[in-house]
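Shown below: my_file03.txt, with compact mmCIF, C-alpha atoms.
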```txt
# COMPACT_ATOMS: atom_id res chain seq x y z
CA MET A 16 0.00 0.00 0.00
CA LEU A 17 1.31 3.46 -0.86
CA GLY A 18 2.15 5.60 2.14
CA ALA A 19 0.68 8.95 3.13
CA GLY A 20 3.88 10.71 2.08
CA PHE A 21 3.66 9.35 -1.47
CA ARG A 22 0.00 10.36 -1.73
CA GLU A 23 0.67 13.85 -0.44
CA ARG A 24 3.56 14.39 -2.84
CA TYR A 25 1.60 13.01 -5.79
CA LEU A 26 -1.36 15.32 -5.15
CA ASP A 27 1.03 18.21 -4.55
CA VAL A 28 2.69 17.72 -7.94
CA LEU A 29 -0.57 17.12 -9.77
CA ALA A 30 -2.25 20.20 -8.30
CA SER A 31 0.81 22.36 -9.05
CA ILE A 32 0.73 21.32 -12.71
CA TYR A 33 -3.01 21.90 -13.00
CA LEU A 34 -2.81 25.26 -11.27
CA TYR A 35 -0.20 26.36 -13.82
CA ASN A 36 -2.24 25.13 -16.78
CA GLU A 37 -5.52 26.65 -15.60
CA HIS A 38 -3.83 30.01 -14.98
CA ARG A 39 -2.10 29.79 -18.34
CA GLY A 40 -5.43 28.93 -19.91
CA TYR A 41 -7.52 31.83 -18.73
CA THR A 42 -4.82 34.45 -19.21
CA SER A 43 -4.02 33.19 -22.73
CA LEU A 44 -7.68 33.19 -23.73
CA ASP A 45 -7.69 36.97 -23.49
CA ARG A 46 -5.52 36.94 -26.63
CA VAL A 47 -7.76 34.38 -28.32
CA LEU A 48 -10.88 36.38 -27.56
CA GLU A 49 -9.25 39.49 -28.99
CA ALA A 50 -8.47 37.58 -32.20
CA VAL A 51 -11.98 36.12 -32.46
CA ARG A 52 -13.63 39.53 -31.99
CA GLN A 53 -11.57 40.85 -34.89
CA ARG A 54 -11.82 37.77 -37.12
CA CYS A 55 -15.48 36.97 -36.41
CA PRO A 56 -17.07 40.26 -35.30
CA ASP A 57 -20.61 39.10 -36.10
CA ASP A 58 -20.31 35.65 -34.53
CA LEU A 59 -21.50 36.67 -31.07
CA GLU A 60 -22.25 33.10 -30.02
CA PHE A 61 -18.66 32.03 -30.69
CA GLN A 62 -17.44 35.02 -28.68
CA ARG A 63 -19.74 34.16 -25.77
CA GLU A 64 -18.53 30.55 -25.81
CA ILE A 65 -14.93 31.69 -25.51
CA GLU A 66 -15.86 34.10 -22.74
CA LYS A 67 -17.39 31.15 -20.88
CA HIS A 68 -14.27 29.08 -21.59
CA ARG A 69 -12.13 31.80 -20.02
CA ALA A 70 -14.45 32.12 -17.01
CA ASP A 71 -14.36 28.36 -16.43
CA GLU A 72 -10.56 28.25 -16.59
CA HIS A 73 -10.37 31.04 -14.03
CA THR A 74 -12.80 29.20 -11.75
CA HIS A 75 -10.71 26.03 -12.01
CA TYR A 76 -7.57 27.99 -11.15
CA VAL A 77 -9.27 29.40 -8.06
CA MET A 78 -10.34 25.91 -6.96
CA PHE A 79 -6.77 24.60 -7.13
CA ARG A 80 -5.51 27.69 -5.31
CA ARG A 81 -8.03 27.09 -2.52
CA TRP A 82 -6.96 23.45 -2.34
CA PHE A 83 -3.41 24.59 -1.62
CA GLU A 84 -4.64 27.16 0.87
CA ARG A 85 -6.48 24.39 2.72
CA GLN A 86 -3.20 22.43 2.80
CA GLY A 87 -1.42 25.44 4.27
CA ARG A 88 1.27 25.54 1.61
CA MET A 89 2.06 27.13 -1.73
CA PRO A 90 2.27 25.23 -5.04
CA LEU A 91 5.57 23.91 -6.32
CA GLN A 92 7.44 26.29 -8.58
CA VAL A 93 6.96 25.17 -12.20
CA ASP A 94 7.37 26.78 -15.61
CA ARG A 95 6.03 26.47 -19.14
CA GLY A 96 7.71 23.07 -19.43
CA VAL A 97 4.61 21.57 -17.75
CA GLY A 98 2.20 23.46 -19.99
CA HIS A 99 0.56 21.42 -22.75
CA ILE A 100 -0.68 24.53 -24.57
CA ASP A 101 2.76 26.17 -24.22
CA ARG A 102 4.47 23.24 -25.90
CA PHE A 103 1.79 22.97 -28.58
CA ILE A 104 1.96 26.67 -29.48
CA GLN A 105 5.76 26.45 -29.59
CA TRP A 106 5.55 23.43 -31.92
CA VAL A 107 2.94 24.92 -34.28
CA PHE A 108 3.84 28.62 -34.33
CA ARG A 109 7.52 28.40 -33.34
CA CYS A 110 7.09 31.00 -30.59
CA THR A 111 5.81 31.37 -27.05
CA ILE A 112 2.23 32.33 -26.29
CA GLU A 113 3.38 35.86 -25.43
CA GLU A 114 5.09 36.16 -28.80
CA LEU A 115 2.04 35.18 -30.85
CA ASP A 116 1.29 37.87 -33.41
CA THR A 117 -2.45 38.43 -32.97
CA ALA A 118 -2.64 40.72 -35.99
CA ASP A 119 -1.04 38.08 -38.23
CA ILE A 120 -3.35 35.36 -36.90
CA VAL A 121 -6.39 37.54 -37.58
CA ALA A 122 -5.19 38.47 -41.07
CA THR A 123 -4.29 34.91 -42.12
CA PRO A 124 -7.17 32.40 -42.26
CA GLN A 125 -4.83 29.42 -42.10
CA GLN A 126 -3.19 30.75 -38.95
CA PHE A 127 -6.51 31.40 -37.23
CA GLU A 128 -7.76 27.92 -38.12
CA ARG A 129 -4.51 26.44 -36.82
CA LEU A 130 -4.95 28.28 -33.52
CA CYS A 131 -8.50 26.93 -33.18
CA ARG A 132 -7.26 23.39 -33.81
CA VAL A 133 -4.48 23.72 -31.23
CA ILE A 134 -6.94 24.88 -28.57
CA MET A 135 -9.47 22.20 -29.53
CA LEU A 136 -6.91 19.38 -29.37
CA THR A 137 -5.47 20.66 -26.09
CA GLU A 138 -8.89 20.75 -24.47
CA GLN A 139 -9.84 17.33 -25.85
CA ARG A 140 -6.63 15.97 -24.35
CA GLY A 141 -7.54 17.62 -21.05
CA TYR A 142 -10.98 16.00 -21.09
CA ALA A 143 -9.52 12.55 -21.75
CA GLN A 144 -6.96 13.00 -18.98
CA VAL A 145 -9.58 14.04 -16.43
CA GLU A 146 -11.59 10.91 -17.25
CA ILE A 147 -8.50 8.89 -16.32
CA ILE A 148 -8.01 10.91 -13.14
CA LEU A 149 -11.60 10.28 -12.04
CA LYS A 150 -10.78 6.55 -12.00
CA ASN A 151 -7.60 7.04 -9.95
CA LYS A 152 -8.31 5.91 -6.39
CA LEU A 153 -5.28 7.75 -5.04
CA ILE A 154 -6.55 11.10 -6.31
CA MET A 155 -10.20 10.36 -5.56
CA SER A 156 -9.31 9.61 -1.93
CA ASP A 157 -9.06 13.39 -1.40
CA PRO A 158 -12.70 14.61 -1.23
CA VAL A 159 -11.87 18.18 -2.27
CA MET A 160 -9.70 17.07 -5.17
CA LYS A 161 -12.43 14.66 -6.24
CA LYS A 162 -14.96 17.51 -6.34
CA ILE A 163 -12.58 19.75 -8.28
CA PHE A 164 -12.02 17.18 -11.02
CA GLU A 165 -15.72 16.39 -11.24
CA ILE A 166 -16.36 20.07 -11.96
CA VAL A 167 -13.50 20.22 -14.47
CA HIS A 168 -14.89 17.14 -16.22
CA ARG A 169 -18.36 18.69 -16.41
CA ASP A 170 -17.01 21.93 -17.90
CA GLU A 171 -14.48 20.48 -20.33
CA PRO A 172 -16.72 19.75 -23.37
CA ASP A 173 -17.61 23.46 -23.53
CA HIS A 174 -13.90 24.14 -23.92
CA PHE A 175 -13.29 22.23 -27.15
CA LEU A 176 -16.70 22.04 -28.85
CA PRO A 177 -16.91 25.77 -29.76
CA TYR A 178 -13.68 25.58 -31.76
CA GLN A 179 -14.64 22.24 -33.31
CA ARG A 180 -18.05 23.55 -34.36
CA TRP A 181 -16.54 26.75 -35.78
CA LEU A 182 -14.10 24.76 -37.91
CA GLU A 183 -16.91 22.50 -39.09
CA ARG A 184 -19.06 25.50 -40.03
CA GLN A 185 -16.20 26.81 -42.15
CA GLY A 186 -15.75 23.44 -43.80
CA ARG A 187 -12.21 23.20 -42.42
CA ALA A 188 -10.32 20.21 -41.00
CA THR A 189 -10.81 19.81 -37.26
CA ALA A 190 -7.35 18.28 -36.92
CA ARG A 191 -4.45 17.31 -39.13
CA TRP A 192 -2.50 14.11 -38.59
CA ASN A 193 0.70 15.95 -37.69
CA GLU A 194 -1.13 18.07 -35.12
CA ARG A 195 -2.61 14.96 -33.52
CA ALA A 196 0.85 13.41 -33.50
CA ALA A 197 2.28 16.50 -31.82
CA ASP A 198 -0.49 16.43 -29.20
CA TRP A 199 0.25 12.76 -28.48
CA CYS A 200 4.00 13.35 -28.18
CA ILE A 201 3.55 16.37 -25.91
CA HIS A 202 1.23 14.40 -23.64
CA LYS A 203 3.70 11.52 -23.37
CA VAL A 204 6.58 13.86 -22.53
CA LEU A 205 4.54 15.48 -19.78
CA MET A 206 3.31 12.20 -18.30
CA LEU A 207 6.47 10.12 -18.65
CA ALA A 208 9.17 12.74 -18.12
CA LYS A 209 8.04 16.06 -16.65
CA LEU A 210 5.64 14.75 -14.01
CA PRO A 211 8.01 12.04 -12.65
CA ALA A 212 10.94 14.48 -12.65
CA LEU A 213 8.92 16.99 -10.67
CA PHE A 214 7.78 14.27 -8.27
CA LEU A 215 11.37 13.16 -7.61
CA ASP A 216 12.75 16.69 -7.25
CA ALA A 217 12.75 16.84 -3.46
CA GLY A 218 14.47 20.22 -3.47
CA ARG A 219 11.94 21.89 -5.74
CA PRO A 220 11.10 25.31 -4.23
CA ARG A 221 7.58 26.54 -3.75
CA MET A 222 6.05 29.65 -5.20
CA GLN A 223 6.35 32.79 -3.12
CA GLN A 224 3.28 34.52 -4.59
CA TRP A 225 0.12 33.46 -6.36
CA PRO A 226 0.29 34.02 -10.11
CA ASP A 227 -2.94 36.00 -10.15
CA GLU A 228 -1.25 38.46 -7.76
CA ASP A 229 2.15 38.54 -9.43
CA VAL A 230 2.49 38.35 -13.23
CA ALA A 231 6.12 37.23 -12.82
CA ALA A 232 5.27 34.35 -10.50
CA PHE A 233 5.93 31.71 -13.19
CA ALA A 234 8.97 33.50 -14.58
CA HIS A 235 11.39 32.39 -11.88
```
Spell out the structure here as structure tokens.
Amino acid sequence: MLGAGFRERYLDVLASIYLYNEHRGYTSLDRVLEAVRQRCPDDLEFQREIEKHRADEHTHYVMFRRWFERQGRMPLQVDRGVGHIDRFIQWVFRCTIEELDTADIVATPQQFERLCRVIMLTEQRGYAQVEIILKNKLIMSDPVMKKIFEIVHRDEPDHFLPYQRWLERQGRATARWNERAADWCIHKVLMLAKLPALFLDAGRPRMQQWPDEDVAAFAH
């Protein structure tokens, strides 16, 4: 039987990774929403769906923050290396999220479609991963964590379906084989390399400030 120390460390690492990704999600969606308002000014439903996506990501971030607050400790210090969307954007656009040229994405249909596919695939991957987590007895043994992931699972379809439906309405591919391959490779790197390395890094420092209070919190 796994000891309490293993369980605590596992949940600590998992929650730190999710907190990063949820924060990265809602802050990055501000850029996406800006692009959609320019590219699709008359598609108010699509805009509202992305606004909801952003609001959900923020709510999820807050839930993970409160989990840590209940534990009486800060999250582990991580960086964009644990971010699925960070790695995907880097692979597709050859730049960081901050370096994305919104004007170019808006002006180039292929670029905008590519961005929609990246978000859709990332969120589909997130949904599949949460379904696995909900079957994990170690994680489900924490009642608060169990509730958090049940809420995330409920919200997740609304995070990929808007982009999928938009692509379908335009008659565009919802995913290309090389994008699916990239998504698969990124997921495997995170699960088989980044997560175990973080788990085994006993000297990993903790964050000093919450990222919603300090924009440089993940820059250390």
Inset, instruction - Calculate how many Å separate atom CA of A:Ala190 from atom CA of A:Gln139, rounding to one decimal. - result: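 It comes out at 11.4 Å.
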Inset, instruction - Have a look at A:Arg54, A:His202, A:Arg102, A:Arg195 and name the one nearest to A:Gly141; count only C-alpha atoms. - result: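 Distance minimum relative to A:Gly141 lands on A:His202.
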Legend entry - Polymer residues at most 12 Å from stretch 226-232 of chain A, all atoms listed in the file, same-chain spacing of 5 or more positions, as an MDAnalysis selection string: chainID A and resid 31 34:39 41:42 73 76:77 80 89:95 221
Legend entry - Using only C-alpha atoms: which of A:Val167, A:Met160, A:Ala208, A:Ile134 has the shortest distance to A:Glu146: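 Between A:Val167, A:Met160, A:Ala208, A:Ile134, the residue approaching A:Glu146 most closely is A:Val167.
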Inset, instruction - Compute the distance from (5.9, 18.1, 1.7) to each atom, counting only C-alpha atoms, keep the residues with any atom at most 9 Å away, and return them as a list in words; use the coordinates of the file. - result: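 Those within range, by chain then number, are Gly20, Glu23, Arg24, Asp27, Arg88 and Ala217 of chain A.
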Inset, instruction - Give the answer as one residue: which of A:Leu176, A:Gly40, A:Ala197, A:Trp192 has the shortest atom-to-atom distance to A:Gly98, using all atoms listed in the file? - result: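 The shortest atom-to-atom distance to A:Gly98 comes from A:Gly40.
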Legend entry - Separation of atom CA of A:Lys67 from atom CA of A:Leu136 in Å: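 These two atoms are separated by 17.9 Å.
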Inset, instruction - Quick one: pull the distance between atom CA of A:Met135 and atom CA of A:Asp173, Å, one decimal. - result: 10.2 Å
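Taking only C-alpha atoms into account, the residues near (-4.6, 7.5, -9.4), no farther than 12 Å, are Leu17, Phe21, Arg22, Tyr25, Leu26, Leu29, Gln144, Val145, Glu146, Ile147, Ile148, Leu149, Lys150, Asn151, Lys152, Leu153, Ile154, Met155, Ser156, Asp157, Met160 and Lys161 of chain A.
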Step by step, gather every atom of stretch 51-62 of chain A that the file lists, find the box along x, y and z that holds them, add 8 Å on each side, and finally give centre and edge lengths in Å to one decimal, as JSON.
```
{"center_x": -16.9, "center_y": 36.4, "center_z": -32.9, "size_x": 26.7, "size_y": 24.8, "size_z": 24.4}
```
Inset, instruction - Select, from A:Phe214, A:Trp106, A:Phe164, A:Trp181, the residue with the minimum atom-to-atom distance to A:Gln62, counting all atoms listed in the file. - result: A:Trp181
Legend entry - Distance criterion (only C-alpha atoms): nearest to A:Leu215 out of A:Ile166, A:Arg81, A:Ala19, A:Val28: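 For A:Leu215, the nearest of the given residues is A:Val28.
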Inset, instruction - Determine, counting only C-alpha atoms, which protein, DNA and RNA residues have an atom within 12 Å of an atom of A:Glu113; residues of the same chain fewer than 4 positions away are not included. Present the result as a ChimeraX atom specification. - result: /A:39,42-47,95,101,104-105,108-109,117
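Closest approach to A:Arg52 among A:Glu165, A:Glu114, A:Asp119, A:Glu66: A:Glu66, based on all atoms listed in the file.
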Inset, instruction - Can you pull out every residue within 9 Å of A:Glu138, counting only C-alpha atoms, but drop anything in the same chain fewer than 4 positions away, and send it as a PyMOL selection string? - result: chain A and resi 133-134+142-143+171-172+174-175
